[in-house]
$ cat structure-v9.cif   # mmCIF, C-alpha atoms
data_my_file
#
loop_
_atom_site.group_PDB
_atom_site.id
_atom_site.type_symbol
_atom_site.label_atom_id
_atom_site.label_comp_id
_atom_site.auth_asym_id
_atom_site.auth_seq_id
_atom_site.Cartn_x
_atom_site.Cartn_y
_atom_site.Cartn_z
ATOM 1 C CA MET P 25 96.719 68.860 -150.067
ATOM 2 C CA LEU P 26 97.787 71.432 -152.655
ATOM 3 C CA THR P 27 94.946 73.709 -151.563
ATOM 4 C CA SER P 28 96.169 73.545 -147.997
ATOM 5 C CA LEU P 29 99.713 74.371 -149.072
ATOM 6 C CA ARG P 30 98.777 77.167 -151.473
ATOM 7 C CA ASP P 31 96.294 78.823 -149.093
ATOM 8 C CA GLU P 32 98.220 78.071 -145.872
ATOM 9 C CA ASP P 33 95.015 76.536 -144.541
ATOM 10 C CA ARG P 34 95.264 73.398 -142.461
ATOM 11 C CA ALA P 35 91.510 72.706 -142.450
ATOM 12 C CA PRO P 36 91.479 70.511 -145.602
ATOM 13 C CA VAL P 37 94.154 68.163 -144.271
ATOM 14 C CA GLU P 38 93.457 67.826 -140.570
ATOM 15 C CA VAL P 39 90.010 66.232 -140.658
ATOM 16 C CA ARG P 40 91.051 62.847 -142.053
ATOM 17 C CA PRO P 41 94.093 60.677 -141.318
ATOM 18 C CA GLY P 42 95.133 60.219 -144.949
ATOM 19 C CA PRO P 43 95.792 63.873 -145.847
ATOM 20 C CA ALA P 44 97.318 64.567 -142.445
ATOM 21 C CA ARG P 45 99.710 61.643 -142.946
ATOM 22 C CA LEU P 46 100.554 62.886 -146.424
ATOM 23 C CA MET P 47 101.195 66.410 -145.125
ATOM 24 C CA ARG P 48 103.686 65.061 -142.590
ATOM 25 C CA GLU P 49 105.443 63.262 -145.445
ATOM 26 C CA VAL P 50 105.467 66.358 -147.682
ATOM 27 C CA PHE P 51 106.962 68.276 -144.782
ATOM 28 C CA ALA P 52 109.601 65.596 -144.141
ATOM 29 C CA VAL P 53 110.606 65.534 -147.814
ATOM 30 C CA ALA P 54 110.854 69.326 -148.068
ATOM 31 C CA VAL P 55 112.819 69.714 -144.827
ATOM 32 C CA ARG P 56 115.189 66.823 -145.485
ATOM 33 C CA ARG P 57 115.965 68.006 -148.995
ATOM 34 C CA CYS P 58 116.976 71.367 -147.522
ATOM 35 C CA PHE P 59 118.596 70.447 -144.218
ATOM 36 C CA ALA P 60 119.706 66.796 -144.233
ATOM 37 C CA GLY P 61 123.469 66.602 -143.832
ATOM 38 C CA ARG P 62 123.731 70.156 -142.539
ATOM 39 C CA ASP P 63 124.480 71.277 -138.992
ATOM 40 C CA PRO P 64 121.128 71.279 -137.128
ATOM 41 C CA ARG P 65 122.147 74.721 -135.835
ATOM 42 C CA ASP P 66 121.374 75.997 -139.359
ATOM 43 C CA VAL P 67 117.691 75.557 -138.523
ATOM 44 C CA THR P 68 117.835 78.355 -135.918
ATOM 45 C CA PRO P 69 118.677 81.257 -138.296
ATOM 46 C CA TYR P 70 116.310 79.822 -140.916
ATOM 47 C CA VAL P 71 113.436 79.939 -138.402
ATOM 48 C CA ARG P 72 114.431 83.443 -137.287
ATOM 49 C CA GLY P 73 114.335 84.649 -140.899
ATOM 50 C CA LEU P 74 111.037 82.943 -141.632
ATOM 51 C CA LEU P 75 109.295 84.460 -138.602
ATOM 52 C CA GLU P 76 110.762 87.905 -139.242
ATOM 53 C CA ARG P 77 109.549 87.811 -142.857
ATOM 54 C CA ARG P 78 106.074 87.054 -141.498
ATOM 55 C CA GLY P 79 106.242 89.786 -138.849
ATOM 56 C CA VAL P 80 106.184 87.332 -135.928
ATOM 57 C CA SER P 81 108.468 87.545 -132.892
ATOM 58 C CA SER P 82 111.506 85.353 -133.543
ATOM 59 C CA ASP P 83 112.675 85.157 -129.925
ATOM 60 C CA GLY P 84 109.864 83.278 -128.206
ATOM 61 C CA VAL P 85 107.737 80.155 -128.055
ATOM 62 C CA ALA P 86 106.874 80.253 -131.764
ATOM 63 C CA ALA P 87 110.558 80.103 -132.726
ATOM 64 C CA ARG P 88 111.357 77.280 -130.320
ATOM 65 C CA GLU P 89 108.376 75.216 -131.442
ATOM 66 C CA LEU P 90 109.030 75.802 -135.132
ATOM 67 C CA GLU P 91 112.674 74.752 -134.766
ATOM 68 C CA ALA P 92 111.533 71.670 -132.850
ATOM 69 C CA VAL P 93 109.011 70.674 -135.518
ATOM 70 C CA ILE P 94 111.640 71.015 -138.253
ATOM 71 C CA ARG P 95 114.302 69.087 -136.339
ATOM 72 C CA SER P 96 111.759 66.393 -135.448
ATOM 73 C CA VAL P 97 111.991 65.069 -139.028
ATOM 74 C CA LEU P 98 115.779 65.317 -138.947
ATOM 75 C CA GLY P 99 116.109 62.670 -136.246
ATOM 76 C CA GLU P 100 114.991 64.436 -133.067
ATOM 77 C CA PRO P 101 111.304 63.476 -132.666
ATOM 78 C CA GLU P 102 111.403 64.001 -128.909
ATOM 79 C CA LEU P 103 111.619 67.780 -129.389
ATOM 80 C CA VAL P 104 107.933 68.123 -130.299
ATOM 81 C CA ALA P 105 106.598 66.697 -127.033
ATOM 82 C CA GLY P 106 103.679 68.794 -125.867
ATOM 83 C CA ILE P 107 103.051 70.616 -129.161
ATOM 84 C CA PRO P 108 99.432 69.870 -130.224
ATOM 85 C CA ASP P 109 98.977 68.100 -133.586
ATOM 86 C CA GLU P 110 96.915 70.891 -135.125
ATOM 87 C CA ARG P 111 99.628 73.439 -134.335
ATOM 88 C CA ARG P 112 102.271 71.155 -135.835
ATOM 89 C CA VAL P 113 100.290 70.800 -139.065
ATOM 90 C CA GLY P 114 99.910 74.579 -139.297
ATOM 91 C CA MET P 115 103.658 75.028 -138.889
ATOM 92 C CA MET P 116 104.379 72.323 -141.461
ATOM 93 C CA ILE P 117 102.225 74.097 -144.048
ATOM 94 C CA VAL P 118 104.021 77.393 -143.462
ATOM 95 C CA VAL P 119 107.488 75.805 -143.688
ATOM 96 C CA VAL P 120 106.734 73.808 -146.846
ATOM 97 C CA GLY P 121 105.375 76.926 -148.550
ATOM 98 C CA ASP P 122 108.381 78.973 -147.480
ATOM 99 C CA LEU P 123 110.942 76.383 -148.591
ATOM 100 C CA ALA P 124 109.160 75.992 -151.922
ATOM 101 C CA GLN P 125 109.130 79.775 -152.445
ATOM 102 C CA GLY P 126 112.813 79.941 -151.598
ATOM 103 C CA ALA P 127 113.675 77.173 -154.046
ATOM 104 C CA ALA P 128 111.462 78.710 -156.734
ATOM 105 C CA ALA P 129 113.312 82.019 -156.342
ATOM 106 C CA ASP P 130 116.222 80.365 -158.170
ATOM 107 C CA GLY P 131 114.010 80.429 -161.280
ATOM 108 C CA ALA P 132 114.361 76.841 -162.496
ATOM 109 C CA ILE P 133 110.853 75.873 -161.412
ATOM 110 C CA THR P 134 107.762 77.698 -160.133
ATOM 111 C CA GLY P 135 106.566 77.389 -156.564
ATOM 112 C CA ALA P 136 103.380 75.631 -157.701
ATOM 113 C CA GLU P 137 105.332 73.088 -159.755
ATOM 114 C CA LEU P 138 107.622 72.450 -156.823
ATOM 115 C CA LEU P 139 104.682 71.888 -154.462
ATOM 116 C CA GLU P 140 103.178 69.415 -156.929
ATOM 117 C CA ALA P 141 106.510 67.606 -157.186
ATOM 118 C CA LEU P 142 106.819 67.484 -153.391
ATOM 119 C CA VAL P 143 103.312 66.070 -153.013
ATOM 120 C CA ALA P 144 103.983 63.482 -155.731
ATOM 121 C CA GLN P 145 107.192 62.350 -154.016
ATOM 122 C CA ALA P 146 105.423 62.237 -150.657
ATOM 123 C CA GLU P 147 102.613 60.121 -152.143
ATOM 124 C CA THR P 148 105.190 57.690 -153.520
ATOM 125 C CA ARG P 149 106.867 57.426 -150.127
ATOM 126 C CA VAL P 150 103.574 56.911 -148.288
ATOM 127 C CA ALA P 151 102.521 54.241 -150.774
ATOM 128 C CA ARG P 152 105.892 52.532 -150.484
ATOM 129 C CA PHE P 153 106.447 52.642 -146.740
ATOM 130 C CA ASP P 154 103.070 53.298 -145.132
ATOM 131 C CA PRO P 155 100.243 52.389 -147.526
ATOM 132 C CA PRO P 156 96.745 53.759 -146.919
ATOM 133 C CA PRO P 157 94.121 51.466 -145.456
ATOM 134 C CA ASP P 158 92.467 49.032 -147.817
ATOM 135 C CA GLY P 159 91.354 46.816 -145.036
ATOM 136 C CA ARG P 160 94.717 47.101 -143.290
ATOM 137 C CA PRO P 161 95.784 49.479 -140.548
ATOM 138 C CA TRP P 162 97.794 52.585 -141.512
ATOM 139 C CA ARG P 163 100.788 51.310 -139.665
ATOM 140 C CA ARG P 164 101.294 47.697 -138.799
ATOM 141 C CA SER P 165 101.548 47.279 -135.040
ATOM 142 C CA SER P 166 104.201 44.590 -135.423
ATOM 143 C CA PRO P 167 106.300 43.211 -138.260
ATOM 144 C CA ARG P 168 104.953 40.304 -140.257
ATOM 145 C CA PRO P 169 106.216 37.035 -138.788
ATOM 146 C CA VAL P 170 109.071 35.512 -140.713
ATOM 147 C CA ARG P 171 108.276 31.937 -141.668
ATOM 148 C CA GLY P 172 111.209 29.639 -141.083
ATOM 149 C CA PRO P 173 112.101 26.487 -143.101
ATOM 150 C CA ARG P 174 109.775 23.565 -142.582
ATOM 151 C CA MET S 29 125.885 78.187 -97.559
ATOM 152 C CA SER S 30 122.590 79.948 -98.241
ATOM 153 C CA ALA S 31 119.288 78.090 -98.459
ATOM 154 C CA ALA S 32 119.510 78.368 -102.262
ATOM 155 C CA THR S 33 122.985 76.855 -102.510
ATOM 156 C CA GLU S 34 122.031 74.145 -99.985
ATOM 157 C CA PHE S 35 119.074 73.353 -102.225
ATOM 158 C CA LEU S 36 121.312 73.140 -105.305
ATOM 159 C CA ARG S 37 123.776 70.893 -103.510
ATOM 160 C CA ALA S 38 120.981 68.624 -102.312
ATOM 161 C CA THR S 39 119.533 68.333 -105.812
ATOM 162 C CA ALA S 40 122.934 67.536 -107.279
ATOM 163 C CA THR S 41 123.700 64.905 -104.641
ATOM 164 C CA ASN S 42 120.197 63.417 -104.661
ATOM 165 C CA THR S 43 119.592 64.229 -101.003
ATOM 166 C CA VAL S 44 116.891 66.174 -99.207
ATOM 167 C CA ALA S 45 117.370 69.919 -98.863
ATOM 168 C CA PRO S 46 117.231 71.108 -95.238
ATOM 169 C CA GLU S 47 114.863 73.960 -96.115
ATOM 170 C CA PRO S 48 113.118 75.532 -99.137
ATOM 171 C CA PRO S 49 115.398 77.617 -101.354
ATOM 172 C CA GLY S 50 113.652 80.923 -100.663
ATOM 173 C CA GLU S 51 112.195 83.560 -102.927
ATOM 174 C CA ASP S 52 115.504 85.150 -103.867
ATOM 175 C CA ALA S 53 117.089 81.929 -105.133
ATOM 176 C CA ASP S 54 116.430 82.454 -108.848
ATOM 177 C CA GLU S 55 119.609 84.471 -109.457
ATOM 178 C CA ILE S 56 121.758 81.886 -107.698
ATOM 179 C CA PHE S 57 120.131 79.043 -109.656
ATOM 180 C CA ALA S 58 120.742 80.890 -112.928
ATOM 181 C CA ALA S 59 124.373 81.577 -112.035
ATOM 182 C CA ALA S 60 124.926 77.952 -111.021
ATOM 183 C CA PHE S 61 123.410 76.771 -114.285
ATOM 184 C CA ARG S 62 125.641 79.063 -116.348
ATOM 185 C CA ALA S 63 128.734 77.945 -114.429
ATOM 186 C CA ALA S 64 127.918 74.262 -114.945
ATOM 187 C CA VAL S 65 127.184 74.808 -118.650
ATOM 188 C CA LYS S 66 130.552 76.514 -119.188
ATOM 189 C CA LEU S 67 132.334 73.769 -117.296
ATOM 190 C CA ARG S 68 130.580 71.022 -119.265
ATOM 191 C CA PHE S 69 130.647 72.428 -122.833
ATOM 192 C CA ARG S 70 133.044 74.326 -125.062
ATOM 193 C CA THR S 71 131.433 77.244 -126.877
ATOM 194 C CA ASP S 72 131.633 75.273 -130.145
ATOM 195 C CA ALA S 73 130.157 72.090 -128.663
ATOM 196 C CA PRO S 74 128.167 70.014 -131.190
ATOM 197 C CA LEU S 75 124.434 70.418 -130.794
ATOM 198 C CA ALA S 76 124.165 66.650 -130.359
ATOM 199 C CA ALA S 77 126.212 66.891 -127.145
ATOM 200 C CA ILE S 78 123.872 69.539 -125.767
ATOM 201 C CA THR S 79 120.704 67.676 -126.691
ATOM 202 C CA GLY S 80 122.290 64.547 -125.193
ATOM 203 C CA SER S 81 122.556 66.280 -121.827
ATOM 204 C CA VAL S 82 118.954 67.467 -122.075
ATOM 205 C CA ARG S 83 117.882 63.885 -122.813
ATOM 206 C CA ALA S 84 119.879 62.718 -119.791
ATOM 207 C CA ALA S 85 118.011 65.237 -117.652
ATOM 208 C CA THR S 86 114.667 63.984 -118.947
ATOM 209 C CA ARG S 87 115.674 60.389 -118.185
ATOM 210 C CA ARG S 88 116.384 61.406 -114.604
ATOM 211 C CA HIS S 89 113.594 63.902 -114.053
ATOM 212 C CA ALA S 90 111.052 62.883 -116.726
ATOM 213 C CA GLU S 91 108.454 65.429 -117.781
ATOM 214 C CA LEU S 92 109.694 68.041 -115.300
ATOM 215 C CA VAL S 93 112.292 69.188 -117.846
ATOM 216 C CA PRO S 94 111.011 71.578 -120.543
ATOM 217 C CA VAL S 95 113.224 70.209 -123.328
ATOM 218 C CA ARG S 96 113.053 73.033 -125.866
ATOM 219 C CA GLU S 97 113.661 75.705 -123.237
ATOM 220 C CA ALA S 98 116.497 73.671 -121.687
ATOM 221 C CA GLU S 99 118.374 73.391 -124.975
ATOM 222 C CA MET S 100 117.953 77.065 -125.801
ATOM 223 C CA LEU S 101 119.058 78.221 -122.349
ATOM 224 C CA ILE S 102 122.205 76.084 -122.624
ATOM 225 C CA ARG S 103 122.998 77.417 -126.090
ATOM 226 C CA SER S 104 122.326 80.969 -124.881
ATOM 227 C CA ALA S 105 124.680 80.476 -121.918
ATOM 228 C CA LEU S 106 127.349 79.481 -124.438
ATOM 229 C CA GLY S 107 126.855 82.759 -126.303
ATOM 230 C CA GLU S 108 124.675 81.588 -129.177
ATOM 231 C CA LYS S 109 121.831 83.783 -130.480
ATOM 232 C CA VAL S 110 118.782 81.592 -129.880
ATOM 233 C CA PRO S 111 115.126 82.214 -128.944
ATOM 234 C CA THR S 112 114.901 82.465 -125.142
ATOM 235 C CA GLY S 113 111.973 84.863 -124.813
ATOM 236 C CA GLU S 114 108.628 83.974 -123.193
ATOM 237 C CA ILE S 115 110.126 81.417 -120.796
ATOM 238 C CA ASP S 116 108.127 81.626 -117.569
ATOM 239 C CA ARG S 117 109.786 81.660 -114.168
ATOM 240 C CA ALA S 118 108.773 78.103 -113.275
ATOM 241 C CA SER S 119 110.273 76.690 -116.480
ATOM 242 C CA ALA S 120 113.474 78.697 -116.043
ATOM 243 C CA VAL S 121 113.911 77.487 -112.450
ATOM 244 C CA LYS S 122 113.301 73.868 -113.488
ATOM 245 C CA VAL S 123 115.889 74.123 -116.254
ATOM 246 C CA HIS S 124 118.460 75.878 -114.051
ATOM 247 C CA VAL S 125 118.205 73.454 -111.141
ATOM 248 C CA LEU S 126 117.632 70.142 -112.946
ATOM 249 C CA LEU S 127 120.200 70.788 -115.674
ATOM 250 C CA PHE S 128 122.697 71.957 -113.053
ATOM 251 C CA ALA S 129 122.293 68.597 -111.319
ATOM 252 C CA THR S 130 122.538 66.688 -114.597
ATOM 253 C CA LEU S 131 125.627 68.528 -115.827
ATOM 254 C CA VAL S 132 127.390 68.137 -112.492
ATOM 255 C CA GLU S 133 126.625 64.425 -112.651
ATOM 256 C CA GLU S 134 127.951 64.226 -116.216
ATOM 257 C CA LEU S 135 131.154 65.959 -115.079
ATOM 258 C CA ALA S 136 131.520 63.391 -112.269
ATOM 259 C CA LEU S 137 132.509 66.122 -109.817
ATOM 260 C CA THR S 138 133.546 65.093 -106.325
ATOM 261 C CA ASP S 139 131.641 66.608 -103.400
ATOM 262 C CA ASP S 140 134.577 68.952 -102.765
ATOM 263 C CA GLU S 141 134.586 70.092 -106.389
ATOM 264 C CA LEU S 142 130.825 70.583 -106.245
ATOM 265 C CA ASP S 143 131.237 72.718 -103.118
ATOM 266 C CA GLU S 144 133.948 74.764 -104.850
ATOM 267 C CA LEU S 145 131.682 75.350 -107.827
ATOM 268 C CA ILE S 146 128.814 76.438 -105.587
ATOM 269 C CA ALA S 147 131.059 78.592 -103.370
ATOM 270 C CA ALA S 148 132.286 80.499 -106.432
ATOM 271 C CA LEU S 149 128.760 81.659 -107.354
#

$ encode --input "structure-v9.cif" --output "structure tokens"
Amino acid sequence: MLTSLRDEDRAPVEVRPGPARLMREVFAVAVRRCFAGRDPRDVTPYVRGLLERRGVSSDGVAARELEAVIRSVLGEPELVAGIPDERRVGMMIVVVGDLAQGAAADGAITGAELLEALVAQAETRVARFDPPPDGRPWRRSSPRPVRGPR
Amino acid sequence: MSAATEFLRATATNTVAPEPPGEDADEIFAAAFRAAVKLRFRTDAPLAAITGSVRAATRRHAELVPVREAEMLIRSALGEKVPTGEIDRASAVKVHVLLFATLVEELALTDDELDELIAAL
């Protein structure tokens, strides 16, 4: 996970469901800690800045898809319809790295420490809400039945 | 009414257009879309209101509506700086026509008001 984030390489996380699930959680944590409670319109200039820093056109498909992927974890999951999983994971890695760099620029913590903290929090959330398979499915298809009084 | 405006009216009233809109209809569709957007939203409309209209369009027209492009074209019509590059002609026409119909429906325009809107294009 940390290798993927540090090297901006999605290969280590996209081959197995566990790391891919964890990456989605890392992304959700990073994005929510930056954007939750803010106007979703704030995502647009953030994406423009990110793409311009990377020398990518900020007026086309890449910008629309990146904004959609970010807003998908802020309550608008329908926006990512039609964006392939592998492209989403690539965008998540770039955004997490960029947000971590931005936060580290304040000086209180290094980017590497922040990434480790993000991964640790994501692991806690996955374990708490969506535990990995130990004979069970990743996500229960239906809630456990509630047993009533006999 | 031109073939393009007849086509718009038919789409908005859920009837069959008498003939295809023609090759030169794109400009009229775009103008109709912009007029409906400005009638439906204030320039400072919450994003949730805009995405709500896009969702309404997808409920009515399903996967025909390119959702990301639809939202950005609405926000652009309201004067916001948003990414609208690399939208192909087919996607733009779908957004202009289907969102025009959806917004007119959301405004609950009468047929006379719809005709006035179209006549002013």

$ closest_residue --input "structure-v9.cif" --among "S:Ile146, S:Ile78, S:Ala105, S:Ile56" --to "chain P" --atoms "all atoms listed in the file"
S:Ile78

$ interface_residues --input "structure-v9.cif" --of "chain S" --to "chain P" --cutoff "6 Å" --atoms "only C-alpha atoms" --output "ChimeraX atom specification"
/S:111-114

$ atom_distance --input "structure-v9.cif" --atom1 "CA of Ala53 in chain S" --atom2 "CA of Ala32 in chain S"
5.2 Å

$ residues_around --input "structure-v9.cif" --residues "Ser30 in chain S" --least-positions-apart "6" --cutoff "12 Å" --atoms "only C-alpha atoms" --output "MDAnalysis selection string"
chainID S and resid 36:37 45:53 56:57 146:147 149

$ closest_residue --input "structure-v9.cif" --among "S:Ala90, S:Val132, S:Met100, S:Ala73" --to "Leu145 in chain S" --atoms "all atoms listed in the file"
S:Val132

$ atom_distance --input "structure-v9.cif" --atom1 "CA of Val67 in chain P" --atom2 "CA of Ile115 in chain S"
20.1 Å

$ residues_around --input "structure-v9.cif" --residues "Leu137 in chain S" --least-positions-apart "3" --cutoff "12 Å" --atoms "all atoms listed in the file" --output "short mmCIF file (atom, residue, chain, number, x, y, z; two decimals) with C-alpha atoms, keeping the file's coordinate frame"
data_model
loop_
_atom_site.label_atom_id
_atom_site.label_comp_id
_atom_site.auth_asym_id
_atom_site.auth_seq_id
_atom_site.Cartn_x
_atom_site.Cartn_y
_atom_site.Cartn_z
CA ARG S 37 123.78 70.89 -103.51
CA ALA S 40 122.93 67.54 -107.28
CA THR S 41 123.70 64.90 -104.64
CA ALA S 64 127.92 74.26 -114.94
CA LEU S 67 132.33 73.77 -117.30
CA ARG S 68 130.58 71.02 -119.26
CA PHE S 128 122.70 71.96 -113.05
CA ALA S 129 122.29 68.60 -111.32
CA THR S 130 122.54 66.69 -114.60
CA LEU S 131 125.63 68.53 -115.83
CA VAL S 132 127.39 68.14 -112.49
CA GLU S 133 126.62 64.42 -112.65
CA GLU S 134 127.95 64.23 -116.22
CA ASP S 140 134.58 68.95 -102.76
CA GLU S 141 134.59 70.09 -106.39
CA LEU S 142 130.82 70.58 -106.24
CA ASP S 143 131.24 72.72 -103.12
CA GLU S 144 133.95 74.76 -104.85
CA LEU S 145 131.68 75.35 -107.83
CA ILE S 146 128.81 76.44 -105.59
#

$ atom_distance --input "structure-v9.cif" --atom1 "CA of Leu139 in chain P" --atom2 "CA of Val50 in chain P"
8.8 Å

$ resolve_selection --input "structure-v9.cif" --expression "the PyMOL selection byres ((chain P and resi 140-150) around 7)" --output "VMD selection string"
chain P and resid 46 49 to 50 53 to 54 136 to 139 151 to 155

$ residues_near_point --input "structure-v9.cif" --point "(113.3, 65.3, -141.5)" --cutoff "6 Å" --atoms "all atoms listed in the file" --output "JSON, numbers by chain"
{"P": [52, 55, 56, 97, 98]}

$ closest_residue --input "structure-v9.cif" --among "P:Arg57, P:Phe51, P:Arg62, P:Val37" --to "Met116 in chain P" --atoms "all atoms listed in the file"
P:Phe51

$ closest_residue --input "structure-v9.cif" --among "S:Ile102, S:Ala31, S:Val93, S:Ala136" --to "Ser119 in chain S" --atoms "all atoms listed in the file"
S:Val93

$ decode --input "structure-v9.cif" --residues "range 63-86 of chain P" --atoms "C-alpha atoms" --output "PDB file, in the first residue's frame"
ATOM      1  CA  ASP P  63     -18.943  23.239  -0.551  1.00  0.00           C
ATOM      2  CA  PRO P  64     -18.463  20.452  -3.143  1.00  0.00           C
ATOM      3  CA  ARG P  65     -17.652  23.246  -5.611  1.00  0.00           C
ATOM      4  CA  ASP P  66     -14.304  23.549  -3.783  1.00  0.00           C
ATOM      5  CA  VAL P  67     -13.296  20.284  -5.451  1.00  0.00           C
ATOM      6  CA  THR P  68     -13.268  21.930  -8.904  1.00  0.00           C
ATOM      7  CA  PRO P  69     -10.422  24.438  -8.278  1.00  0.00           C
ATOM      8  CA  TYR P  70      -8.520  21.811  -6.277  1.00  0.00           C
ATOM      9  CA  VAL P  71      -8.607  19.446  -9.276  1.00  0.00           C
ATOM     10  CA  ARG P  72      -7.636  22.266 -11.646  1.00  0.00           C
ATOM     11  CA  GLY P  73      -4.605  23.076  -9.484  1.00  0.00           C
ATOM     12  CA  LEU P  74      -3.588  19.448  -9.131  1.00  0.00           C
ATOM     13  CA  LEU P  75      -3.689  18.797 -12.885  1.00  0.00           C
ATOM     14  CA  GLU P  76      -1.894  22.047 -13.691  1.00  0.00           C
ATOM     15  CA  ARG P  77       0.885  21.189 -11.223  1.00  0.00           C
ATOM     16  CA  ARG P  78       1.273  17.880 -13.064  1.00  0.00           C
ATOM     17  CA  GLY P  79       1.221  19.503 -16.509  1.00  0.00           C
ATOM     18  CA  VAL P  80      -2.069  17.864 -17.531  1.00  0.00           C
ATOM     19  CA  SER P  81      -4.939  19.682 -19.245  1.00  0.00           C
ATOM     20  CA  SER P  82      -7.362  20.862 -16.562  1.00  0.00           C
ATOM     21  CA  ASP P  83     -10.299  21.512 -18.896  1.00  0.00           C
ATOM     22  CA  GLY P  84     -11.147  18.055 -20.207  1.00  0.00           C
ATOM     23  CA  VAL P  85     -12.118  14.489 -19.409  1.00  0.00           C
ATOM     24  CA  ALA P  86      -9.334  14.031 -16.850  1.00  0.00           C
TER      25      ALA P  86
END
